[in-house]
Amino acid sequence: MNGRTVVVGYGDAALDVLRHLPLNSRPSAVVVLDVDEVALTGALANGAEVIRGDGRDLCALQRAGTPFAARVVVAVGDDRDGLLVTAAARSLNRTAIITVAVREPANQELFTRLGADDVFVHARSA
């Protein structure tokens, strides 16, 4: 495991999660996995490595380095997709800290059961 953080989905929710990480756990390297070119361009401008791909795809998660990451941030626009990404990420890396931004507060417990370590509620409009 290295100090890498894999971010699946790059938008306001991901930026909020990254801003709220404790100073001692700030990532040494950030890899952003997203299907949106605009999001990837923004991530690249902010110093991240970028990989175009869908976080629900195990191969894309592997290309992003999920099996060796210290932290995985799941910040996709839909909680159902987020559940799939969380389960896939946990299956690839049993020890990473998985932090998830959810839209619906009622889904927090479900994300925790699927392997999320930290769950943040983020506004639907984000």
# chains A, B, ... in the order shown; residues from 1 in each chain; ligands from 1
$ select_by_dssp --residues "region 2-84 of chain A" --states "strand (DSSP E or B)" --output "ChimeraX atom specification"
/A:4-8,29-34,49-52,71-74
$ residues_around --residues "region 55-67 of chain A" --least-positions-apart "6" --cutoff "7 Å" --atoms "only C-alpha atoms" --output "list in words"
Val6, Val8, Val31, Leu33, Leu84, Val85, Ala88, Ala89, Leu92 and Asn93 of chain A
$ closest_residue --among "A:Arg80, A:Arg4, A:Arg52, A:Arg94" --to "Val35 (chain A)" --atoms "only C-alpha atoms"
A:Arg52
$ select_by_dssp --residues "chain A" --states "alpha helix (DSSP H)" --output "VMD selection string"
chain A and resid 12 to 19 37 to 45 58 to 63 79 to 92 108 to 113
$ write_last_selection --atoms "C-alpha atoms" --output "PDB file, in the first residue's frame"
ATOM      1  CA  ASP A  12     -17.931  19.353  -5.712  1.00  0.00           C
ATOM      2  CA  ALA A  13     -18.503  16.304  -3.510  1.00  0.00           C
ATOM      3  CA  ALA A  14     -15.007  14.933  -4.153  1.00  0.00           C
ATOM      4  CA  LEU A  15     -13.420  18.324  -3.529  1.00  0.00           C
ATOM      5  CA  ASP A  16     -15.332  18.670  -0.240  1.00  0.00           C
ATOM      6  CA  VAL A  17     -14.177  15.247   0.928  1.00  0.00           C
ATOM      7  CA  LEU A  18     -10.553  15.962  -0.016  1.00  0.00           C
ATOM      8  CA  ARG A  19     -10.679  19.302   1.821  1.00  0.00           C
ATOM      9  CA  GLU A  37     -13.617  14.997 -19.813  1.00  0.00           C
ATOM     10  CA  VAL A  38     -14.370  18.324 -18.087  1.00  0.00           C
ATOM     11  CA  ALA A  39     -13.945  16.720 -14.660  1.00  0.00           C
ATOM     12  CA  LEU A  40     -10.694  15.088 -15.755  1.00  0.00           C
ATOM     13  CA  THR A  41      -9.388  18.387 -17.106  1.00  0.00           C
ATOM     14  CA  GLY A  42     -10.157  20.053 -13.757  1.00  0.00           C
ATOM     15  CA  ALA A  43      -8.455  17.263 -11.850  1.00  0.00           C
ATOM     16  CA  LEU A  44      -5.394  17.502 -14.080  1.00  0.00           C
ATOM     17  CA  ALA A  45      -5.274  21.264 -13.520  1.00  0.00           C
ATOM     18  CA  LEU A  58     -13.180  -3.445 -11.897  1.00  0.00           C
ATOM     19  CA  CYS A  59     -10.612  -3.047 -14.683  1.00  0.00           C
ATOM     20  CA  ALA A  60     -10.857   0.752 -14.509  1.00  0.00           C
ATOM     21  CA  LEU A  61     -10.456   0.649 -10.723  1.00  0.00           C
ATOM     22  CA  GLN A  62      -7.400  -1.554 -11.135  1.00  0.00           C
ATOM     23  CA  ARG A  63      -5.878   0.833 -13.733  1.00  0.00           C
ATOM     24  CA  ASP A  79     -25.965   6.667  -4.623  1.00  0.00           C
ATOM     25  CA  ARG A  80     -26.817   3.424  -6.446  1.00  0.00           C
ATOM     26  CA  ASP A  81     -23.691   3.779  -8.559  1.00  0.00           C
ATOM     27  CA  GLY A  82     -21.787   4.723  -5.425  1.00  0.00           C
ATOM     28  CA  LEU A  83     -22.830   1.466  -3.779  1.00  0.00           C
ATOM     29  CA  LEU A  84     -21.457  -0.507  -6.717  1.00  0.00           C
ATOM     30  CA  VAL A  85     -18.192   1.449  -6.704  1.00  0.00           C
ATOM     31  CA  THR A  86     -17.807   1.037  -2.943  1.00  0.00           C
ATOM     32  CA  ALA A  87     -18.346  -2.720  -3.100  1.00  0.00           C
ATOM     33  CA  ALA A  88     -15.966  -3.064  -6.061  1.00  0.00           C
ATOM     34  CA  ALA A  89     -13.269  -0.959  -4.401  1.00  0.00           C
ATOM     35  CA  ARG A  90     -13.536  -2.938  -1.167  1.00  0.00           C
ATOM     36  CA  SER A  91     -13.256  -6.205  -3.100  1.00  0.00           C
ATOM     37  CA  LEU A  92      -9.988  -4.966  -4.636  1.00  0.00           C
ATOM     38  CA  GLN A 108     -25.309   5.948   5.154  1.00  0.00           C
ATOM     39  CA  GLU A 109     -25.741   2.628   6.950  1.00  0.00           C
ATOM     40  CA  LEU A 110     -25.910   0.679   3.693  1.00  0.00           C
ATOM     41  CA  PHE A 111     -22.612   2.191   2.532  1.00  0.00           C
ATOM     42  CA  THR A 112     -21.026   1.292   5.854  1.00  0.00           C
ATOM     43  CA  ARG A 113     -22.231  -2.295   5.529  1.00  0.00           C
TER      44      ARG A 113
END
$ atom_distance --atom1 "CA of Glu104 (chain A)" --atom2 "CA of Asp78 (chain A)"
9.4 Å
